[in-house]
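my_file-v2.txt follows; it contains compact mmCIF, C-alpha atoms.
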```txt
# COMPACT_ATOMS: atom_id res chain seq x y z
CA MET G 1 -19.21 -12.27 -1.82
CA GLY G 2 -18.15 -9.16 -3.76
CA ALA G 3 -21.74 -8.37 -4.75
CA THR G 4 -22.92 -8.45 -1.16
CA LEU G 5 -20.11 -6.14 -0.08
CA LYS G 6 -20.62 -3.57 -2.84
CA ASP G 7 -21.11 -0.16 -1.19
CA ALA G 8 -22.42 -1.87 1.96
CA THR G 9 -19.80 -0.23 4.17
CA ALA G 10 -17.87 3.01 4.23
CA ILE G 11 -14.71 4.44 5.69
CA ALA G 12 -15.95 7.05 8.14
CA GLY G 13 -12.73 8.17 9.77
CA ILE G 14 -8.97 8.26 9.19
CA GLY G 15 -6.10 9.13 11.49
CA GLN G 16 -2.33 9.15 11.58
CA THR G 17 0.65 10.16 13.66
CA PRO G 18 3.52 12.26 12.35
CA PHE G 19 6.01 10.42 10.12
CA ALA G 20 9.73 10.54 10.83
CA LYS G 21 12.90 8.54 10.64
CA ARG G 22 12.79 8.24 14.41
CA LEU G 23 9.87 8.80 16.82
CA PRO G 24 10.26 8.36 20.59
CA GLU G 25 6.90 6.67 21.25
CA SER G 26 6.36 2.91 21.27
CA GLU G 27 4.49 1.21 18.46
CA LYS G 28 1.56 0.64 20.83
CA THR G 29 1.37 4.33 21.69
CA LEU G 30 1.57 5.31 18.04
CA ALA G 31 -1.15 2.80 17.17
CA CYS G 32 -3.50 4.12 19.82
CA ARG G 33 -2.93 7.72 18.79
CA ALA G 34 -3.73 6.94 15.16
CA ILE G 35 -6.85 4.94 16.10
CA LEU G 36 -8.15 7.63 18.46
CA ALA G 37 -7.58 10.26 15.77
CA ALA G 38 -9.55 8.17 13.27
CA LEU G 39 -12.42 7.70 15.71
CA ASP G 40 -12.47 11.43 16.44
CA ASP G 41 -12.47 12.10 12.69
CA ALA G 42 -15.57 9.91 12.39
CA GLY G 43 -17.22 11.34 15.49
CA LEU G 44 -17.40 7.93 17.19
CA ALA G 45 -16.52 6.92 20.73
CA PRO G 46 -13.84 4.28 21.41
CA SER G 47 -16.41 2.30 23.40
CA GLU G 48 -18.35 1.72 20.16
CA VAL G 49 -15.50 -0.21 18.51
CA ASP G 50 -16.28 -3.93 18.27
CA ALA G 51 -13.97 -5.09 15.46
CA PHE G 52 -10.26 -4.92 14.67
CA ALA G 53 -8.13 -5.90 11.68
CA SER G 54 -4.38 -5.56 11.23
CA TYR G 55 -1.35 -7.27 9.73
CA THR G 56 0.33 -10.45 10.95
CA MET G 57 3.53 -8.39 10.96
CA GLU G 58 1.90 -5.84 13.30
CA GLU G 59 3.75 -5.89 16.64
CA THR G 60 0.78 -4.48 18.57
CA ASP G 61 -2.30 -6.65 19.12
CA GLU G 62 -6.02 -6.08 19.43
CA VAL G 63 -6.14 -7.14 23.10
CA GLU G 64 -3.76 -4.43 24.27
CA VAL G 65 -5.05 -1.84 21.83
CA ALA G 66 -8.68 -2.47 22.81
CA LYS G 67 -7.84 -1.99 26.49
CA ALA G 68 -5.77 1.09 25.87
CA ILE G 69 -8.35 2.97 23.80
CA GLY G 70 -11.31 1.86 25.91
CA ALA G 71 -13.12 -0.32 23.37
CA GLY G 72 -16.21 -2.28 24.38
CA ASP G 73 -16.85 -5.97 23.75
CA VAL G 74 -15.10 -7.05 20.56
CA THR G 75 -16.92 -9.52 18.31
CA PHE G 76 -14.57 -9.70 15.32
CA PHE G 77 -10.79 -9.58 14.89
CA SER G 78 -8.44 -10.71 12.15
CA LYS G 79 -4.88 -10.40 10.91
CA VAL G 80 -3.68 -10.50 7.32
CA GLY G 81 -0.34 -11.90 6.19
CA TYR G 82 2.36 -10.99 3.69
CA GLY G 83 3.46 -7.56 4.89
CA GLY G 84 2.47 -4.85 2.49
CA GLY G 85 0.19 -7.24 0.64
CA GLY G 86 -2.23 -7.12 3.56
CA SER G 87 -3.06 -3.40 3.70
CA CYS G 88 -6.29 -3.34 1.68
CA ALA G 89 -7.32 -6.75 3.01
CA THR G 90 -7.63 -5.35 6.54
CA VAL G 91 -10.37 -3.06 5.25
CA ALA G 92 -11.90 -5.90 3.26
CA HIS G 93 -12.12 -8.14 6.33
CA LEU G 94 -13.83 -5.41 8.34
CA ALA G 95 -16.23 -4.71 5.47
CA ALA G 96 -17.21 -8.38 5.37
CA ALA G 97 -17.71 -8.50 9.13
CA ILE G 98 -19.88 -5.39 9.19
CA ALA G 99 -21.89 -6.33 6.08
CA THR G 100 -22.71 -9.73 7.59
CA GLY G 101 -23.68 -8.34 10.99
CA GLN G 102 -20.72 -9.64 12.97
CA ALA G 103 -19.68 -6.13 14.00
CA SER G 104 -20.75 -2.51 13.68
CA VAL G 105 -17.65 -0.31 14.13
CA GLY G 106 -14.34 -1.63 12.84
CA VAL G 107 -10.82 -0.30 13.14
CA ALA G 108 -7.92 -1.23 10.86
CA TRP G 109 -4.44 0.01 11.66
CA ARG G 110 -0.72 -0.29 11.05
CA SER G 111 1.92 0.94 13.49
CA ARG G 112 5.55 0.62 12.60
CA LYS G 113 9.00 1.73 13.71
CA ARG G 114 10.85 0.72 10.57
CA GLY G 115 12.89 3.91 10.55
CA SER G 116 14.44 3.38 13.97
CA GLY G 117 13.86 -0.38 14.32
CA PRO G 118 15.42 -3.53 12.85
CA ARG G 119 14.93 -4.94 9.36
CA PRO G 120 12.95 -8.22 9.39
CA TRP G 121 15.49 -10.07 7.22
CA THR G 122 18.43 -9.27 9.54
CA ASN G 123 17.30 -11.75 12.20
CA THR G 124 19.61 -14.66 11.42
CA ARG G 125 18.38 -16.64 14.43
CA VAL G 126 15.10 -17.40 12.68
CA GLN G 127 15.18 -20.43 10.40
CA LEU G 128 14.56 -19.51 6.80
CA PRO G 129 11.19 -20.55 5.38
CA THR G 130 11.56 -23.13 2.63
CA PRO G 131 11.25 -20.72 -0.34
CA ALA G 132 13.93 -18.42 1.10
CA GLN G 133 16.36 -21.32 1.34
CA TRP G 134 16.50 -21.21 -2.46
CA THR G 135 17.16 -17.45 -2.70
CA ARG G 136 18.90 -16.00 0.38
CA PRO G 137 22.08 -18.14 0.17
CA TYR G 138 22.60 -16.90 -3.39
CA GLY G 139 22.48 -13.19 -2.65
CA LEU G 140 18.79 -12.28 -2.67
CA LEU G 141 18.90 -11.09 0.92
CA ARG G 142 16.47 -8.15 0.89
CA PRO G 143 13.23 -7.31 -0.90
CA ALA G 144 15.23 -4.79 -2.96
CA ASP G 145 17.40 -7.61 -4.31
CA GLU G 146 14.38 -9.69 -5.27
CA ILE G 147 12.53 -6.83 -6.95
CA GLY G 148 15.78 -5.83 -8.63
CA LEU G 149 15.76 -9.23 -10.30
CA LEU G 150 12.20 -8.74 -11.57
CA ALA G 151 13.04 -5.20 -12.69
CA ARG G 152 15.99 -6.40 -14.75
CA ARG G 153 13.82 -9.04 -16.43
CA TYR G 154 11.15 -6.42 -17.15
CA MET G 155 13.75 -4.14 -18.71
CA HIS G 156 15.08 -7.01 -20.82
CA GLU G 157 11.73 -8.29 -22.04
CA TYR G 158 9.79 -5.08 -22.58
CA GLY G 159 12.34 -2.31 -23.02
CA ALA G 160 11.69 -0.51 -19.75
CA THR G 161 14.45 1.93 -18.83
CA ARG G 162 15.61 3.79 -15.76
CA ASP G 163 13.87 6.85 -17.20
CA HIS G 164 10.56 5.02 -16.77
CA PHE G 165 11.37 4.22 -13.15
CA PHE G 166 12.36 7.87 -12.67
CA ASN G 167 8.93 8.93 -13.93
CA VAL G 168 7.41 6.98 -11.05
CA ALA G 169 9.82 8.34 -8.44
CA LEU G 170 9.31 11.90 -9.69
CA ALA G 171 5.51 11.75 -9.63
CA CYS G 172 5.53 10.52 -6.04
CA ARG G 173 8.11 13.11 -4.99
CA ASN G 174 6.20 15.93 -6.67
CA ARG G 175 3.10 15.05 -4.69
CA ALA G 176 5.08 14.76 -1.44
CA ASN G 177 6.47 18.23 -2.08
CA GLN G 178 2.88 19.46 -1.73
CA ASN G 179 2.15 17.44 1.43
CA PRO G 180 3.34 18.95 4.73
CA ALA G 181 2.95 15.56 6.44
CA ALA G 182 5.33 13.85 4.00
CA MET G 183 8.90 13.02 4.95
CA MET G 184 10.01 14.42 1.58
CA TYR G 185 7.99 17.65 1.87
CA GLU G 186 9.81 20.52 0.13
CA ARG G 187 12.64 18.17 -0.93
CA PRO G 188 12.54 18.14 -4.76
CA LEU G 189 13.94 15.34 -6.89
CA THR G 190 15.70 15.96 -10.20
CA ARG G 191 16.67 13.60 -12.98
CA GLU G 192 20.35 14.26 -12.29
CA MET G 193 19.90 13.37 -8.62
CA TYR G 194 18.17 10.17 -9.63
CA MET G 195 20.63 9.10 -12.30
CA THR G 196 23.70 9.70 -10.13
CA ALA G 197 22.28 8.20 -6.90
CA ARG G 198 23.99 5.22 -5.31
CA TRP G 199 22.84 1.73 -6.15
CA ILE G 200 20.82 -0.20 -3.59
CA SER G 201 20.44 -3.31 -5.73
CA GLU G 202 21.15 -2.67 -9.40
CA PRO G 203 19.13 -1.63 -11.39
CA LEU G 204 17.43 -0.04 -8.35
CA CYS G 205 19.04 3.12 -7.02
CA LEU G 206 18.33 4.97 -3.78
CA PHE G 207 15.26 6.73 -5.20
CA ASP G 208 13.71 3.50 -6.49
CA ASN G 209 13.29 2.33 -2.89
CA CYS G 210 10.67 3.28 -0.34
CA LEU G 211 11.43 5.29 2.77
CA GLU G 212 12.15 3.88 6.21
CA THR G 213 9.60 5.37 8.55
CA ASP G 214 8.30 5.47 12.11
CA GLY G 215 4.58 6.17 12.29
CA ALA G 216 1.05 4.77 12.48
CA LEU G 217 -2.22 5.09 10.58
CA ALA G 218 -5.78 3.88 11.09
CA CYS G 219 -9.21 3.97 9.54
CA VAL G 220 -12.72 3.35 10.85
CA LEU G 221 -15.38 1.37 8.99
CA VAL G 222 -19.12 1.35 9.58
CA SER G 223 -22.19 0.40 7.56
CA ALA G 224 -23.13 2.67 4.67
CA GLU G 225 -26.28 3.73 6.51
CA ARG G 226 -24.43 4.66 9.67
CA ALA G 227 -21.68 6.45 7.74
CA ARG G 228 -24.16 9.00 6.47
CA ASP G 229 -24.64 10.19 10.06
CA CYS G 230 -20.94 10.40 10.89
CA ARG G 231 -18.85 13.54 11.07
CA ARG G 232 -17.21 13.29 7.63
CA PRO G 233 -18.56 12.48 4.16
CA PRO G 234 -18.60 8.69 3.70
CA VAL G 235 -16.18 6.99 1.35
CA TYR G 236 -17.81 3.76 0.21
CA VAL G 237 -15.99 0.45 -0.10
CA HIS G 238 -17.22 -0.48 -3.57
CA SER G 239 -15.20 -3.62 -4.31
CA VAL G 240 -12.52 -5.64 -2.53
CA ALA G 241 -10.21 -8.45 -3.55
CA GLN G 242 -7.25 -10.54 -2.48
CA GLY G 243 -4.92 -12.36 -4.86
CA LEU G 244 -2.61 -15.36 -4.54
CA PRO G 245 -1.80 -16.81 -7.99
CA ALA G 246 -1.12 -20.46 -8.66
CA GLN G 247 2.46 -21.60 -7.99
CA HIS G 248 3.35 -18.22 -6.51
CA HIS G 249 6.77 -17.64 -4.99
CA GLY G 250 7.04 -14.37 -3.06
CA MET G 251 8.79 -11.45 -4.77
CA VAL G 252 10.79 -13.41 -7.37
CA ASN G 253 7.75 -15.43 -8.52
CA TYR G 254 9.94 -17.67 -10.63
CA TRP G 255 7.88 -20.87 -10.43
CA ASN G 256 5.30 -19.16 -12.63
CA ASP G 257 5.33 -19.50 -16.40
CA ASP G 258 5.68 -15.70 -16.46
CA PRO G 259 7.28 -14.23 -13.31
CA LEU G 260 6.16 -10.74 -14.37
CA THR G 261 2.50 -11.75 -14.06
CA GLY G 262 2.22 -11.23 -10.34
CA PRO G 263 -0.56 -11.32 -7.74
CA ALA G 264 -2.04 -8.07 -9.08
CA TRP G 265 -3.46 -9.97 -12.04
CA THR G 266 -5.29 -12.43 -9.78
CA ALA G 267 -6.63 -9.71 -7.47
CA ALA G 268 -7.68 -7.53 -10.40
CA ARG G 269 -9.91 -10.16 -11.97
CA ARG G 270 -11.92 -10.44 -8.75
CA LEU G 271 -11.90 -6.70 -8.09
CA TRP G 272 -13.32 -5.66 -11.47
CA LYS G 273 -15.77 -8.58 -11.59
CA SER G 274 -17.46 -7.20 -8.48
CA ALA G 275 -17.42 -3.55 -9.58
CA ASP G 276 -19.83 -1.33 -11.48
CA PHE G 277 -16.96 0.43 -13.31
CA GLY G 278 -13.62 -0.42 -14.87
CA PRO G 279 -10.05 0.88 -15.02
CA GLU G 280 -11.01 3.59 -17.52
CA ASP G 281 -13.35 5.06 -14.89
CA VAL G 282 -10.76 5.41 -12.10
CA ASP G 283 -10.10 9.09 -11.34
CA VAL G 284 -7.08 8.62 -9.09
CA ALA G 285 -4.96 5.66 -7.99
CA GLN G 286 -2.93 4.85 -4.90
CA ILE G 287 -0.69 2.01 -6.10
CA TYR G 288 1.72 0.27 -3.76
CA ASP G 289 5.18 1.67 -4.40
CA ALA G 290 7.74 0.00 -2.16
CA PHE G 291 9.87 0.00 -5.35
CA THR G 292 9.35 1.98 -8.56
CA PRO G 293 9.10 -1.08 -10.89
CA LEU G 294 6.01 -2.24 -9.00
CA ILE G 295 4.07 0.65 -10.54
CA PRO G 296 4.34 -0.37 -14.23
CA LEU G 297 3.78 -4.02 -13.25
CA SER G 298 0.65 -3.01 -11.33
CA LEU G 299 -0.62 -0.74 -14.11
CA GLU G 300 -0.61 -3.80 -16.35
CA GLY G 301 -2.05 -6.15 -13.75
CA TYR G 302 -4.98 -3.87 -12.93
CA GLY G 303 -5.80 -3.29 -16.59
CA PHE G 304 -4.76 0.31 -17.22
CA CYS G 305 -2.65 -0.80 -20.17
CA GLY G 306 -1.63 -3.92 -22.03
CA ARG G 307 1.02 -6.51 -21.22
CA GLY G 308 4.46 -4.92 -21.39
CA GLU G 309 3.02 -1.39 -21.77
CA GLY G 310 3.33 -0.28 -18.15
CA ALA G 311 6.67 1.46 -18.59
CA ALA G 312 5.51 3.46 -21.60
CA PHE G 313 2.32 4.36 -19.70
CA THR G 314 4.43 6.48 -17.32
CA GLU G 315 5.64 8.79 -20.09
CA GLY G 316 4.42 12.32 -20.79
CA GLY G 317 3.40 13.15 -17.23
CA ALA G 318 0.74 10.42 -17.16
CA LEU G 319 1.12 9.90 -13.39
CA GLU G 320 1.04 13.59 -12.49
CA ILE G 321 -2.01 15.68 -11.59
CA GLY G 322 -3.81 16.28 -14.88
CA GLY G 323 -2.28 13.15 -16.42
CA ARG G 324 -3.95 9.92 -17.53
CA LEU G 325 -3.85 8.45 -14.02
CA PRO G 326 -2.79 10.72 -11.13
CA LEU G 327 -0.86 8.50 -8.76
CA ASN G 328 0.02 8.32 -5.06
CA THR G 329 -1.07 11.87 -4.42
CA GLY G 330 0.24 12.03 -0.85
CA GLY G 331 3.69 10.92 -1.97
CA GLY G 332 3.27 7.18 -1.42
CA GLY G 333 5.79 4.87 0.15
CA LEU G 334 8.55 6.41 -1.95
CA SER G 335 8.16 9.96 -0.66
CA GLU G 336 5.46 10.36 2.02
CA ALA G 337 6.09 7.46 4.40
CA TYR G 338 6.49 3.71 4.25
CA VAL G 339 4.06 2.12 6.68
CA HIS G 340 3.30 -1.03 4.68
CA GLY G 341 0.98 0.86 2.36
CA PHE G 342 -1.63 2.05 4.84
CA ASN G 343 -1.04 5.69 3.89
CA LEU G 344 -2.33 4.82 0.42
CA ILE G 345 -5.71 3.96 1.95
CA THR G 346 -5.97 7.17 3.95
CA GLU G 347 -4.88 9.26 0.96
CA GLY G 348 -7.55 7.57 -1.15
CA VAL G 349 -10.11 8.66 1.42
CA ARG G 350 -8.81 12.24 1.37
CA GLN G 351 -9.07 12.36 -2.42
CA LEU G 352 -12.71 11.29 -2.37
CA ARG G 353 -13.46 13.75 0.41
CA GLY G 354 -11.82 16.50 -1.63
CA THR G 355 -9.26 17.27 1.09
CA SER G 356 -5.97 16.03 -0.38
CA THR G 357 -2.96 18.34 -0.51
CA ALA G 358 -2.72 17.39 -4.21
CA GLN G 359 -6.41 17.17 -4.99
CA VAL G 360 -7.58 15.66 -8.28
CA PRO G 361 -10.53 17.80 -9.37
CA ASN G 362 -13.90 16.07 -8.90
CA ALA G 363 -12.33 12.74 -7.96
CA ALA G 364 -15.15 10.26 -7.34
CA THR G 365 -13.43 6.86 -7.78
CA CYS G 366 -10.11 5.59 -6.43
CA LEU G 367 -8.15 2.37 -6.75
CA VAL G 368 -5.96 1.43 -3.79
CA THR G 369 -3.59 -1.52 -4.06
CA ALA G 370 -1.41 -3.46 -1.67
CA GLY G 371 2.04 -4.91 -2.31
CA GLU G 372 2.67 -6.41 -5.73
CA GLY G 373 5.08 -9.34 -5.72
CA VAL G 374 3.51 -10.92 -2.64
CA PRO G 375 -0.01 -12.26 -1.98
CA THR G 376 -1.90 -9.01 -2.32
CA SER G 377 -5.20 -7.15 -1.93
CA ALA G 378 -6.98 -4.15 -3.43
CA LEU G 379 -9.88 -1.78 -2.88
CA LEU G 380 -12.10 0.28 -5.09
CA LEU G 381 -13.39 3.31 -3.21
CA ARG G 382 -16.05 5.75 -4.34
CA SER G 383 -17.59 8.91 -2.96
```

Is it possible to give me this structure as structure tokens?
Amino acid sequence: MGATLKDATAIAGIGQTPFAKRLPESEKTLACRAILAALDDAGLAPSEVDAFASYTMEETDEVEVAKAIGAGDVTFFSKVGYGGGGSCATVAHLAAAIATGQASVGVAWRSRKRGSGPRPWTNTRVQLPTPAQWTRPYGLLRPADEIGLLARRYMHEYGATRDHFFNVALACRNRANQNPAAMMYERPLTREMYMTARWISEPLCLFDNCLETDGALACVLVSAERARDCRRPPVYVHSVAQGLPAQHHGMVNYWNDDPLTGPAWTAARRLWKSADFGPEDVDVAQIYDAFTPLIPLSLEGYGFCGRGEGAAFTEGGALEIGGRLPLNTGGGGLSEAYVHGFNLITEGVRQLRGTSTAQVPNAATCLVTAGEGVPTSALLLRS
């Protein structure tokens, strides 16, 4: 399937609302604003939309959104599970639908009021799924607790330190400081601030954790041929992948022989198999950063370095502009906004258009990844 999807579709438009800790609008209103902005960016009318893709955790649905924006007859719609693991897969599903003739104009979106709304794990009225019955009663209540466990094991096995995690946090914050849309715009981070910050779930401190954000984002997909006639330069969907490894257990992954070999490894094998280039050819990366340790784990999984080398990879400014792999150039989930990773997709598009606030010179290829630690997905984009 990857070969048939290669460069067959393109992202023609992107849109977003402001990001804030608290926005007054409903999630439906925010969703519609982001979608309409993306359609305007592409120069397409809402009535041309005939496909939708979103997350299973999305509170808005395609029926209400389609009515509200004035879409025409819809011939394809899908939802992808596993929270942040579904971001890139929404684009992949639309690409498959358009490439196979099931639709012509697709919209993917994520609208969220995480900043002002409840946390999913606080709803004690919902019966725990079976895996959680073996973790929640013993103190792993939040994603931060589960990733904290993986982070401690990574530190123990491969010598990662808090300085390595700081490198990740700093790179994302530095890029957000350049991005007027980012929640952390003009709010610098120092090593002293990081090292003295309060614990969230040791060894993860405040700055190892993503933001809590209200906001929405969307993108518009069309065929490669049609994209060339749209308002903005096309950004081609070169390769797509999803990954659910054998015997996977979300976040903690401890049924696996090696819990630190997460879904990224499974997705990466499919992603690179279907691509015309490899990790060494990626100009800029947007790697899911709900927590800083996910970056070194993902760097290994997607083949930028060897097993256990992800922490060392972050040294010497490697993740900064001009480094080995400029990362999360809008600020990512750590410092721009946390909307289940969708802002990584839109920032990837801006990089390949040459319009990022932290532009990588002559960027022509971009890796975008979804949440590591859960069943995941990834995209390779090219200009």

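Computed from the coordinates, the atom CA of Tyr302 of chain G to atom CA of Ala268 of chain G distance equals 5.2 Å.
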
Quick one: which segment 65-178 of chain G residues come within 8 Å of segment 8-12 of chain G, and what is the nearest atom pair for each with the distance in Å to one decimal, counting only C-alpha atoms, rows ordered by chain and ascending number, as a Markdown table?
```
| residue | atom | partner | partner_atom | distance |
| --- | --- | --- | --- | --- |
| G:Ala95 | CA | G:Thr9 | CA | 5.9 |
| G:Ile98 | CA | G:Thr9 | CA | 7.2 |
| G:Ala99 | CA | G:Ala8 | CA | 6.1 |
```

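Between atom CA of Gly86 of chain G and atom CA of Arg324 of chain G the separation is 27.2 Å.
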
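Compared by their closest atoms to Val63 of chain G, and using all atoms listed in the file, the residues G:Ala216, G:Ala103, G:Ala51, G:Ala318 rank with G:Ala51 nearest.
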
key: Best match for closeness to Leu344 of chain G among G:Ala42, G:Ala176, G:Ile287, G:Ala181, counting all atoms listed in the file   = G:Ile287

Using only C-alpha atoms, what residues lie at most 12 Å away from (-22.9, -3.8, -12.1) (file coordinates), given as a compact mmCIF listing (two decimals) with C-alpha atoms, in the coordinates of the input?
```
# COMPACT_ATOMS: atom_id res chain seq x y z
CA GLY G 2 -18.15 -9.16 -3.76
CA ALA G 3 -21.74 -8.37 -4.75
CA THR G 4 -22.92 -8.45 -1.16
CA LYS G 6 -20.62 -3.57 -2.84
CA ASP G 7 -21.11 -0.16 -1.19
CA HIS G 238 -17.22 -0.48 -3.57
CA SER G 239 -15.20 -3.62 -4.31
CA TRP G 272 -13.32 -5.66 -11.47
CA LYS G 273 -15.77 -8.58 -11.59
CA SER G 274 -17.46 -7.20 -8.48
CA ALA G 275 -17.42 -3.55 -9.58
CA ASP G 276 -19.83 -1.33 -11.48
CA PHE G 277 -16.96 0.43 -13.31
CA GLY G 278 -13.62 -0.42 -14.87
```

Assuming 4 Å of padding per side, give the centre and edge lengths of the axis-aligned box around every listed atom of segment 152-156 of chain G, in Å to one decimal and as lines of an AutoDock Vina configuration file.
```
center_x = 13.6
center_y = -6.6
center_z = -17.8
size_x = 12.8
size_y = 12.9
size_z = 14.1
```

note = Using all atoms listed in the file, the shortest atom-to-atom distance to Gln16 of chain G among G:Ser111, G:Ser78, G:Thr369, G:Asn328 belongs to G:Ser111

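Between atom CA of Leu319 of chain G and atom CA of Ile295 of chain G lies a distance of 10.1 Å.
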
inquiry  = Need the shell around Gly250 of chain G: protein/DNA/RNA residues with any atom at most 12 Å away, counting all atoms listed in the file. Skip same-chain ones fewer than 5 positions apart. Format as a PyMOL selection string?
reply    = chain G and resi 82-85+129-132+134-135+140+142-143+146-147+150+244-245+255-256+259-260+262-263+371-376

inquiry  = When you look at Ala45 of chain G with a cut-off of 12 Å (counting all atoms listed in the file), what residues show up, excluding the ones that are within fewer than 6 positions of it in the same chain? I need them as a VMD selection string.
reply    = chain G and resid 13 35 to 39 69 to 72 105 to 107 220 230 to 231

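The shortest atom-to-atom distance to Asn167 of chain G, with all atoms listed in the file taken into account, belongs to G:Leu327 out of G:Ala197, G:Met155, G:Leu327, G:Met183.
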
Can you pull out the residues contacting Gly341 of chain G? Cut-off 7 Å, using all atoms listed in the file, and skip same-chain residues under 5 positions away; I want them as an mmCIF file with C-alpha atoms, in the coordinates of the input.
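Final output, saved to out_23.cif:
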```cif
data_model
loop_
_atom_site.group_PDB
_atom_site.id
_atom_site.type_symbol
_atom_site.label_atom_id
_atom_site.label_comp_id
_atom_site.auth_asym_id
_atom_site.auth_seq_id
_atom_site.Cartn_x
_atom_site.Cartn_y
_atom_site.Cartn_z
ATOM 1 C CA GLY G 84 2.470 -4.850 2.490
ATOM 2 C CA SER G 87 -3.060 -3.400 3.700
ATOM 3 C CA TYR G 288 1.720 0.270 -3.760
ATOM 4 C CA GLY G 333 5.790 4.870 0.150
ATOM 5 C CA ALA G 370 -1.410 -3.460 -1.670
#
```

query = Quick one: residues within 6 Å of Val284 of chain G, only C-alpha atoms counted, chain neighbours fewer than 5 positions away excluded, as a VMD selection string?
reply = chain G and resid 325 to 326 366

Shell of 8 Å around Arg110 of chain G, all atoms listed in the file, local chain residues under 4 positions omitted, as a list in words = Ala31, Ser54, Tyr55, Glu58, Ala216, Leu217, Ala218, Val339, His340 and Phe342 of chain G

Residues from the last selection, C-alpha atoms, saved as a PDB file, keeping the file's coordinate frame:
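Now in again.pdb:
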```pdb
ATOM      1  CA  ALA G  31      -1.150   2.800  17.170  1.00  0.00           C
ATOM      2  CA  SER G  54      -4.380  -5.560  11.230  1.00  0.00           C
ATOM      3  CA  TYR G  55      -1.350  -7.270   9.730  1.00  0.00           C
ATOM      4  CA  GLU G  58       1.900  -5.840  13.300  1.00  0.00           C
ATOM      5  CA  ALA G 216       1.050   4.770  12.480  1.00  0.00           C
ATOM      6  CA  LEU G 217      -2.220   5.090  10.580  1.00  0.00           C
ATOM      7  CA  ALA G 218      -5.780   3.880  11.090  1.00  0.00           C
ATOM      8  CA  VAL G 339       4.060   2.120   6.680  1.00  0.00           C
ATOM      9  CA  HIS G 340       3.300  -1.030   4.680  1.00  0.00           C
ATOM     10  CA  PHE G 342      -1.630   2.050   4.840  1.00  0.00           C
TER      11      PHE G 342
END
```

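Distances to Cys32 of chain G were evaluated for G:Glu202, G:Glu212, G:Glu64, G:Asp283 using all atoms listed in the file, and the minimum falls at G:Glu64.
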
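Counting all atoms listed in the file, the residue from G:Gly322, G:Gly306, G:Pro24, G:Gly332 that sits nearest to Ser116 of chain G is G:Pro24.
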